[in-house]
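Here is entry_13.cif, consisting of mmCIF, C-alpha atoms:
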data_upload
#
loop_
_atom_site.label_atom_id
_atom_site.label_comp_id
_atom_site.auth_asym_id
_atom_site.auth_seq_id
_atom_site.Cartn_x
_atom_site.Cartn_y
_atom_site.Cartn_z
CA MET O 1 -4.46 -19.05 17.22
CA LYS O 2 -2.06 -16.15 17.48
CA GLY O 3 -2.48 -12.89 15.60
CA LEU O 4 -0.45 -9.69 15.37
CA TYR O 5 -1.93 -6.51 16.84
CA PHE O 6 -0.68 -3.00 17.49
CA GLN O 7 -1.10 -0.86 20.57
CA GLN O 8 -0.65 2.90 20.47
CA ASN O 9 0.80 4.75 23.43
CA SER O 10 -1.78 7.21 24.73
CA THR O 11 0.82 9.93 25.32
CA ASN O 12 2.44 9.90 21.88
CA GLU O 13 2.23 8.34 18.44
CA GLU O 14 4.59 5.47 19.22
CA VAL O 15 3.17 2.12 18.13
CA THR O 16 3.96 -1.23 19.74
CA PHE O 17 3.33 -4.52 17.94
CA VAL O 18 2.42 -7.62 19.94
CA PHE O 19 1.32 -11.19 19.24
CA GLN O 20 -1.87 -12.17 21.04
CA GLU O 21 -4.00 -15.25 21.22
CA LYS O 22 -7.32 -14.75 19.44
CA GLU O 23 -10.52 -16.70 19.69
CA ASN O 24 -11.22 -19.33 17.06
CA VAL O 25 -13.04 -18.02 14.01
CA PRO O 26 -16.81 -18.33 14.73
CA VAL O 27 -19.23 -20.27 12.58
CA THR O 28 -19.70 -18.46 9.28
CA GLU O 29 -22.73 -16.15 9.06
CA ASP O 30 -24.60 -15.12 5.94
CA ASN O 31 -22.28 -13.48 3.39
CA PHE O 32 -19.20 -14.24 5.50
CA VAL O 33 -16.50 -16.73 4.61
CA ARG O 34 -13.61 -18.36 6.41
CA VAL O 35 -10.25 -17.85 4.75
CA GLN O 36 -7.14 -19.89 5.40
CA VAL O 37 -4.42 -17.28 5.01
CA LYS O 38 -1.47 -18.19 2.79
CA ALA O 39 0.22 -14.78 2.59
CA CYS O 40 -0.27 -11.32 4.09
CA ALA O 41 1.46 -8.11 2.98
CA LEU O 42 2.56 -5.47 5.48
CA SER O 43 1.66 -1.80 5.04
CA HIS O 44 2.00 1.37 7.08
CA ILE O 45 -0.90 1.90 9.52
CA ASN O 46 -2.49 5.36 9.43
CA THR O 47 -3.12 5.83 13.16
CA LYS O 48 -4.30 9.39 12.60
CA LEU O 49 -7.08 8.21 10.28
CA LEU O 50 -8.17 5.56 12.78
CA ALA O 51 -8.44 8.24 15.45
CA GLU O 52 -10.43 10.56 13.18
CA MET O 53 -12.79 7.67 12.30
CA LYS O 54 -13.13 6.90 16.04
CA MET O 55 -11.94 3.35 15.45
CA GLU O 56 -9.24 3.27 18.10
CA LYS O 57 -9.01 0.13 20.23
CA ASP O 58 -6.71 -1.15 22.94
CA PHE O 59 -5.38 -3.64 20.41
CA PHE O 60 -5.91 -3.16 16.69
CA PRO O 61 -5.40 -6.03 14.20
CA VAL O 62 -2.43 -5.85 11.83
CA GLY O 63 -2.34 -7.04 8.22
CA ARG O 64 -5.19 -6.50 5.77
CA GLU O 65 -3.85 -7.47 2.34
CA VAL O 66 -4.26 -11.22 2.38
CA SER O 67 -4.38 -14.12 -0.04
CA GLY O 68 -5.58 -17.57 0.87
CA ILE O 69 -7.97 -20.42 0.29
CA VAL O 70 -10.57 -19.92 -1.13
CA LEU O 71 -10.44 -16.19 -1.81
CA GLU O 72 -8.21 -13.12 -1.66
CA GLY O 73 -8.70 -9.44 -0.87
CA ILE O 74 -8.15 -6.47 1.45
CA LEU O 75 -9.78 -6.69 4.85
CA PRO O 76 -12.07 -3.74 5.63
CA LEU O 77 -10.79 -0.97 7.88
CA ASP O 78 -13.04 -2.12 10.74
CA SER O 79 -12.09 -5.80 10.54
CA GLU O 80 -11.65 -7.43 13.94
CA ASP O 81 -9.36 -10.15 12.57
CA PRO O 82 -5.67 -9.56 11.81
CA GLY O 83 -4.52 -10.77 8.41
CA LEU O 84 -1.44 -12.09 10.18
CA CYS O 85 -3.31 -15.13 11.48
CA GLU O 86 -3.85 -18.63 10.12
CA VAL O 87 -7.63 -18.36 9.68
CA ILE O 88 -9.81 -15.26 9.42
CA ARG O 89 -13.47 -14.43 8.86
CA VAL O 90 -14.35 -11.80 6.27
CA HIS O 91 -17.41 -10.60 4.37
CA GLU O 92 -17.55 -11.79 0.76
CA HIS O 93 -17.91 -8.21 -0.51
CA TYR O 94 -14.24 -7.61 0.31
CA LEU O 95 -12.96 -10.61 -1.65
CA VAL O 96 -12.04 -11.39 -5.23
CA HIS O 97 -10.91 -14.61 -6.92
CA LYS O 98 -7.17 -15.12 -7.30
CA PRO O 99 -6.11 -16.33 -10.77
CA GLU O 100 -4.58 -19.79 -10.67
CA LYS O 101 -1.24 -18.72 -12.16
CA VAL O 102 -0.73 -15.98 -9.55
CA SER O 103 1.22 -16.93 -6.41
CA TRP O 104 -0.04 -16.25 -2.89
CA THR O 105 2.76 -13.78 -2.13
CA GLU O 106 2.28 -11.87 -5.40
CA ALA O 107 -1.47 -11.57 -4.81
CA ALA O 108 -1.07 -10.24 -1.28
CA GLY O 109 1.88 -8.05 -2.23
CA VAL O 110 0.27 -6.25 -5.16
CA ILE O 111 -3.32 -5.72 -4.04
CA ARG O 112 -3.00 -2.46 -2.06
CA ASP O 113 -0.52 -0.77 -4.38
CA GLY O 114 -2.57 -1.93 -7.37
CA VAL O 115 -5.73 -0.38 -5.92
CA ARG O 116 -3.85 2.84 -5.16
CA ALA O 117 -2.41 3.03 -8.67
CA CYS O 118 -5.78 2.41 -10.34
CA THR O 119 -7.42 4.98 -8.07
CA ALA O 120 -4.79 7.61 -8.81
CA LEU O 121 -4.50 7.08 -12.56
CA TYR O 122 -8.01 5.98 -13.56
CA TYR O 123 -10.40 7.66 -11.13
CA LEU O 124 -8.54 10.78 -9.99
CA SER O 125 -6.68 11.80 -13.15
CA GLN O 126 -8.38 10.07 -16.12
CA LEU O 127 -5.17 8.68 -17.62
CA SER O 128 -5.29 8.14 -21.39
CA PRO O 129 -2.76 7.19 -24.11
CA GLY O 130 -0.22 9.89 -24.95
CA LYS O 131 -0.45 11.69 -21.61
CA SER O 132 2.72 12.57 -19.71
CA VAL O 133 2.92 11.38 -16.10
CA LEU O 134 5.38 12.29 -13.34
CA ILE O 135 5.53 9.59 -10.67
CA MET O 136 7.59 10.67 -7.70
CA ASP O 137 9.79 8.04 -6.01
CA GLY O 138 9.16 5.53 -8.76
CA ALA O 139 11.49 2.93 -7.24
CA SER O 140 9.15 2.38 -4.27
CA ALA O 141 6.75 -0.57 -4.25
CA PHE O 142 3.82 1.72 -5.10
CA GLY O 143 5.78 3.80 -7.59
CA THR O 144 6.82 0.71 -9.53
CA ILE O 145 3.20 -0.46 -9.88
CA ALA O 146 2.05 3.03 -10.89
CA ILE O 147 4.75 3.22 -13.59
CA GLN O 148 3.73 -0.17 -14.96
CA LEU O 149 0.07 0.85 -15.12
CA ALA O 150 0.89 4.18 -16.80
CA HIS O 151 3.02 2.41 -19.42
CA HIS O 152 0.23 -0.11 -19.99
CA ARG O 153 -2.11 2.77 -20.83
CA GLY O 154 0.36 4.25 -23.30
CA ALA O 155 1.55 7.19 -21.21
CA LYS O 156 4.94 8.88 -21.25
CA VAL O 157 6.45 8.39 -17.79
CA ILE O 158 8.93 10.56 -15.90
CA SER O 159 10.10 9.56 -12.43
CA THR O 160 12.43 10.63 -9.63
CA ALA O 161 15.15 8.57 -7.94
CA HIS O 162 16.45 9.18 -4.42
CA SER O 163 19.59 7.04 -4.66
CA LEU O 164 21.90 5.40 -7.18
CA GLU O 165 20.19 2.07 -6.50
CA ASP O 166 16.78 3.60 -7.21
CA LYS O 167 18.09 5.18 -10.42
CA GLN O 168 19.47 1.85 -11.64
CA HIS O 169 16.21 0.10 -10.81
CA LEU O 170 14.18 2.64 -12.79
CA GLU O 171 16.53 2.51 -15.77
CA ARG O 172 16.11 -1.28 -15.94
CA LEU O 173 12.31 -1.09 -16.22
CA ARG O 174 10.73 -2.01 -19.54
CA PRO O 175 9.14 -0.22 -21.31
CA SER O 176 11.77 2.44 -20.65
CA ILE O 177 11.02 5.53 -18.61
CA ALA O 178 11.29 8.73 -20.67
CA ARG O 179 13.41 10.43 -18.02
CA VAL O 180 14.76 9.47 -14.60
CA ILE O 181 15.44 12.56 -12.47
CA ASP O 182 18.14 11.86 -9.88
CA VAL O 183 17.35 14.03 -6.85
CA SER O 184 19.75 12.26 -4.47
CA ASN O 185 22.30 15.08 -4.42
CA GLY O 186 19.72 17.86 -4.08
CA LYS O 187 21.16 19.79 -7.05
CA VAL O 188 18.68 18.79 -9.75
CA HIS O 189 15.52 20.89 -10.07
CA VAL O 190 12.50 18.65 -10.70
CA ALA O 191 10.35 21.36 -12.29
CA GLU O 192 13.07 22.42 -14.74
CA SER O 193 13.74 18.81 -15.74
CA CYS O 194 10.04 18.12 -16.38
CA LEU O 195 9.54 21.31 -18.40
CA GLU O 196 12.63 20.47 -20.45
CA GLU O 197 11.36 16.93 -21.12
CA THR O 198 7.91 18.19 -22.19
CA GLY O 199 9.12 21.07 -24.34
CA GLY O 200 7.94 23.64 -21.81
CA LEU O 201 4.33 22.38 -21.80
CA GLY O 202 4.43 20.71 -18.39
CA VAL O 203 3.21 17.26 -17.42
CA ASP O 204 -0.42 16.16 -17.58
CA ILE O 205 -0.48 14.12 -14.37
CA VAL O 206 1.61 14.26 -11.19
CA ILE O 207 1.50 11.62 -8.47
CA ASP O 208 3.58 12.83 -5.56
CA ALA O 209 5.07 10.97 -2.61
CA GLY O 210 4.55 13.93 -0.30
CA VAL O 211 5.62 17.57 -0.73
CA ARG O 212 7.28 20.28 1.29
CA LEU O 213 4.95 23.08 2.35
CA TYR O 214 7.59 25.40 3.79
CA SER O 215 11.26 26.24 3.31
CA LYS O 216 13.84 23.54 4.05
CA ASP O 217 14.76 25.28 7.30
CA ASP O 218 11.20 24.83 8.58
CA GLU O 219 10.65 21.22 7.50
CA PRO O 220 11.60 18.00 9.35
CA ALA O 221 14.60 16.07 8.04
CA VAL O 222 12.41 13.28 6.61
CA LYS O 223 10.82 15.74 4.14
CA LEU O 224 13.93 17.55 2.92
CA HIS O 225 14.24 15.33 -0.17
CA LEU O 226 10.68 16.12 -1.28
CA PRO O 227 9.85 18.80 -3.87
CA HIS O 228 8.18 22.00 -2.74
CA LYS O 229 4.50 22.45 -3.57
CA HIS O 230 5.45 25.39 -5.81
CA ASP O 231 7.61 23.04 -7.90
CA ILE O 232 4.64 20.75 -8.51
CA ILE O 233 2.40 23.66 -9.52
CA THR O 234 5.12 25.01 -11.83
CA LEU O 235 5.68 21.75 -13.70
CA LEU O 236 1.96 20.98 -14.08
CA GLY O 237 0.62 21.52 -17.58
CA VAL O 238 -2.63 23.19 -18.68
CA GLY O 239 -5.60 21.04 -17.66
CA GLY O 240 -3.26 18.90 -15.57
CA HIS O 241 -4.08 16.73 -12.57
CA TRP O 242 -2.08 16.76 -9.34
CA VAL O 243 -2.72 13.63 -7.25
CA THR O 244 -1.24 14.16 -3.80
CA THR O 245 -0.63 11.97 -0.76
CA GLU O 246 -0.01 15.07 1.38
CA GLU O 247 -3.05 15.02 3.67
CA ASN O 248 -2.24 18.42 5.21
CA LEU O 249 -1.64 20.23 1.91
CA GLN O 250 -2.03 24.00 2.23
CA LEU O 251 -2.59 26.13 -0.85
CA ASP O 252 -2.18 29.89 -0.52
CA PRO O 253 -4.21 32.27 -2.74
CA PRO O 254 -1.34 32.67 -5.26
CA ASP O 255 -1.11 28.86 -5.52
CA SER O 256 -4.83 28.57 -6.16
CA HIS O 257 -4.71 31.39 -8.71
CA CYS O 258 -1.93 29.65 -10.64
CA LEU O 259 -3.91 26.39 -10.66
CA PHE O 260 -6.98 28.34 -11.81
CA LEU O 261 -5.07 29.86 -14.72
CA LYS O 262 -3.95 26.38 -15.78
CA GLY O 263 -7.40 24.87 -15.31
CA ALA O 264 -5.66 22.24 -13.20
CA THR O 265 -7.10 20.03 -10.48
CA VAL O 266 -5.84 18.72 -7.15
CA ALA O 267 -7.02 15.34 -5.85
CA PHE O 268 -6.12 13.51 -2.66
CA LEU O 269 -5.07 9.87 -2.75
CA ASN O 270 -6.59 8.27 0.35
CA ASP O 271 -5.78 4.56 0.67
CA GLU O 272 -9.05 3.82 2.45
CA VAL O 273 -11.49 5.79 0.29
CA TRP O 274 -13.20 2.70 -1.18
CA ASN O 275 -13.78 1.22 2.28
CA LEU O 276 -15.36 4.35 3.71
CA SER O 277 -18.60 4.21 1.71
CA ASN O 278 -20.78 1.22 0.89
CA ALA O 279 -22.00 3.11 -2.17
CA GLN O 280 -18.56 2.57 -3.75
CA GLN O 281 -18.54 -1.21 -3.23
CA GLY O 282 -19.22 -2.06 -6.87
CA LYS O 283 -16.36 0.09 -8.17
CA TYR O 284 -14.09 -1.31 -5.46
CA LEU O 285 -14.72 -4.91 -6.48
CA CYS O 286 -14.13 -3.99 -10.14
CA ILE O 287 -10.76 -2.49 -9.19
CA LEU O 288 -9.80 -5.57 -7.17
CA LYS O 289 -10.68 -7.82 -10.10
CA ASP O 290 -8.79 -5.59 -12.54
CA VAL O 291 -5.68 -5.66 -10.34
CA MET O 292 -5.69 -9.46 -10.22
CA GLU O 293 -6.19 -9.70 -14.00
CA LYS O 294 -3.30 -7.31 -14.65
CA LEU O 295 -1.10 -9.28 -12.27
CA SER O 296 -2.00 -12.53 -14.03
CA ALA O 297 -1.33 -10.95 -17.46
CA GLY O 298 2.10 -9.68 -16.40
CA VAL O 299 1.18 -5.98 -16.52
CA PHE O 300 1.91 -5.71 -12.80
CA ARG O 301 5.27 -7.03 -11.62
CA PRO O 302 5.35 -6.13 -7.92
CA LEU O 303 8.57 -5.15 -6.18
CA LEU O 304 8.58 -7.80 -3.43
CA ASP O 305 11.16 -8.61 -0.79
CA GLU O 306 11.86 -12.23 0.11
CA PRO O 307 8.83 -13.72 1.96
CA ILE O 308 9.23 -13.77 5.72
CA PRO O 309 7.86 -16.25 8.29
CA LEU O 310 5.18 -15.24 10.78
CA TYR O 311 7.57 -15.07 13.73
CA GLU O 312 9.50 -12.26 11.98
CA ALA O 313 6.34 -10.21 11.25
CA LYS O 314 6.63 -8.09 14.41
CA VAL O 315 10.14 -6.84 13.58
CA SER O 316 9.28 -6.32 9.90
CA MET O 317 6.13 -4.39 10.77
CA GLU O 318 8.14 -2.03 12.97
CA VAL O 319 10.31 -1.23 9.94
CA VAL O 320 7.25 -0.77 7.71
CA GLN O 321 5.58 1.55 10.22
CA LYS O 322 8.64 3.81 10.12
CA ASN O 323 8.47 3.88 6.28
CA GLN O 324 11.99 2.45 6.11
CA GLU O 325 11.29 -0.39 3.68
CA ARG O 326 11.70 -0.13 -0.11
CA LYS O 327 10.38 -3.48 -1.29
CA LYS O 328 7.00 -4.82 -0.27
CA GLN O 329 7.15 -7.03 2.82
CA VAL O 330 5.00 -10.19 2.66
CA VAL O 331 4.51 -12.78 5.39
CA GLN O 332 4.17 -16.32 4.05
CA PHE O 333 2.30 -19.00 6.01
#

This structure in structure tokens:
Amino acid sequence: MKGLYFQQNSTNEEVTFVFQEKENVPVTEDNFVRVQVKACALSHINTKLLAEMKMEKDFFPVGREVSGIVLEGILPLDSEDPGLCEVIRVHEHYLVHKPEKVSWTEAAGVIRDGVRACTALYYLSQLSPGKSVLIMDGASAFGTIAIQLAHHRGAKVISTAHSLEDKQHLERLRPSIARVIDVSNGKVHVAESCLEETGGLGVDIVIDAGVRLYSKDDEPAVKLHLPHKHDIITLLGVGGHWVTTEENLQLDPPDSHCLFLKGATVAFLNDEVWNLSNAQQGKYLCILKDVMEKLSAGVFRPLLDEPIPLYEAKVSMEVVQKNQERKKQVVQF
């Protein structure tokens, strides 16, 4: 059987994706199951995290959000099998039943973003009815799921749009978003818009999609559309929660003092946090089950692209790795 793997150049961060023949799945051991893969979603690979966890290999398997017969789930970070393969072997503790009415592509396409949204809104910020939530880049695959979960909990949602297409997508969502902030032209100030929408009180929860740490002249082009960290601190309300995906966030003493005065918290949204400790396995399985139930009930309506065949996975993964996709890419077997 063939599987998709990636190889990282030792001299730089460039990643190459290759199909390789893999050995047949061995006889199942205790607590392991064989899964016939029906669909596998594609997500960006955090090569820096793999290096820090000392999990680098010559060839690392690609594709971890899979659905198939009999079960469905996210493969652990140290899995030796790529999800982009016809049959895989996985421990039962990383699997959850797929509801009958949920399709294979929906199950694979929602699982990672669903886990991220539940982690950010339930575990890192204690979302409750009536809270105000700012979800940056709400038209992304993750942003759409986070908005749907926030609305389900009775929150007031504000979001940002980076293009006219994104703005139109957000305005079509139901329930309606309280305010869509169009930042595509660079003239709208996110903090001012949020303070205006909340009557000057600030928002209770912020989920960013990255932030600028320095002036625009000192930041790479890919981060110029992002808000500055000072904007996030300014728009955060008293007792607010800032959930950030910026792994290298730097807070200067004045930043910390402002957060202290507001009694606010900063939490980091790490995609792999539930896989890094066996002590969290019970919570992780509860989240996986909750995601599938919300998908089955129609709470989650994932933003999926048209399913692609396996032979196109290499090209699609190259696009995903460069963060150039908007809709979730799912390979269908």

Pull out every residue that the PyMOL selection byres ((chain O and resi 332) around 6) matches in the shown coordinates and put them as a count of residues only.
6

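Distance annotation: of O:Lys57, O:His228, O:His97, O:Arg301, the residue with the minimal separation from Leu285 in chain O is O:His97; atom set is all atoms listed in the file.
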
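Take the candidates O:Val190, O:Ile145, O:Ala150, O:Leu235 and check each one against Leu121 in chain O using only C-alpha atoms; the shortest distance goes to O:Ala150.
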
List every residue of range 44-64 of chain O that has an atom at most 12 Å from any atom of range 252-271 of chain O, and for each one report the closest atom pair and its distance in Å to one decimal, counting all atoms listed in the file, with rows sorted by chain and then by increasing residue number, as a Markdown table.
| residue | atom | partner | partner_atom | distance |
| --- | --- | --- | --- | --- |
| O:His44 | CA | O:Asp271 | CA | 10.6 |
| O:Ile45 | CA | O:Asp271 | CA | 10.5 |
| O:Asn46 | CA | O:Asp271 | CA | 9.4 |
| O:Leu49 | CA | O:Asn270 | CA | 9.9 |

Report as a PyMOL selection string the full result of the PyMOL selection byres ((chain O and resi 38) around 8) when it is applied to this structure.
chain O and resi 36-37+39-40+66-69+86+104-105+332-333

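Restricting the calculation to all atoms listed in the file, the smallest distance between Ser176 in chain O and any of O:Asn275, O:Ser163, O:Gln148, O:Gln20 is found for O:Gln148.
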
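Using all atoms listed in the file for every distance, the candidate list O:Ala209, O:Ala141, O:Ala279, O:Val62 yields O:Ala209 as the residue closest to Glu246 in chain O.
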
If the PyMOL selection byres ((chain O and resi 201-205) around 8) is run on the structure shown, which residues does it catch, given as a tab-separated table (two decimals) with C-alpha atoms, keeping the file's coordinate frame?
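Contents of the output file part30.tsv:
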chain	number	residue	atom	x	y	z
O	125	SER	CA	-6.68	11.80	-13.15
O	127	LEU	CA	-5.17	8.68	-17.62
O	131	LYS	CA	-0.45	11.69	-21.61
O	132	SER	CA	2.72	12.57	-19.71
O	133	VAL	CA	2.92	11.38	-16.10
O	134	LEU	CA	5.38	12.29	-13.34
O	194	CYS	CA	10.04	18.12	-16.38
O	195	LEU	CA	9.54	21.31	-18.40
O	198	THR	CA	7.91	18.19	-22.19
O	199	GLY	CA	9.12	21.07	-24.34
O	200	GLY	CA	7.94	23.64	-21.81
O	206	VAL	CA	1.61	14.26	-11.19
O	207	ILE	CA	1.50	11.62	-8.47
O	234	THR	CA	5.12	25.01	-11.83
O	235	LEU	CA	5.68	21.75	-13.70
O	236	LEU	CA	1.96	20.98	-14.08
O	237	GLY	CA	0.62	21.52	-17.58
O	238	VAL	CA	-2.63	23.19	-18.68
O	239	GLY	CA	-5.60	21.04	-17.66
O	240	GLY	CA	-3.26	18.90	-15.57
O	241	HIS	CA	-4.08	16.73	-12.57
O	242	TRP	CA	-2.08	16.76	-9.34
O	243	VAL	CA	-2.72	13.63	-7.25

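One finds CA of Glu318 in chain O at 28.9 Å from CA of Tyr214 in chain O.
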
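Each of O:Ala117, O:Leu42, O:Leu251, O:Val157 was compared to Pro129 in chain O using only C-alpha atoms, and O:Val157 turns out to be the nearest.
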
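Across the structure, CA of Glu312 in chain O and CA of Thr144 in chain O are spaced 25.3 Å apart.
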
Near-Arg174 in chain O list (10 Å; only C-alpha atoms; drop same-chain fewer than 3 positions) as a PyMOL selection string:
chain O and resi 147-148+151+170-171+177

Please, could you write that set of residues out with C-alpha atoms as a short mmCIF file (atom, residue, chain, number, x, y, z; two decimals), keeping the file's coordinate frame?
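Below you can see again_9.cif, which holds the result:
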data_model
loop_
_atom_site.label_atom_id
_atom_site.label_comp_id
_atom_site.auth_asym_id
_atom_site.auth_seq_id
_atom_site.Cartn_x
_atom_site.Cartn_y
_atom_site.Cartn_z
CA ILE O 147 4.75 3.22 -13.59
CA GLN O 148 3.73 -0.17 -14.96
CA HIS O 151 3.02 2.41 -19.42
CA LEU O 170 14.18 2.64 -12.79
CA GLU O 171 16.53 2.51 -15.77
CA ILE O 177 11.02 5.53 -18.61
#

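Between CA of Pro302 in chain O and CA of Arg179 in chain O there is a distance of 21.0 Å.
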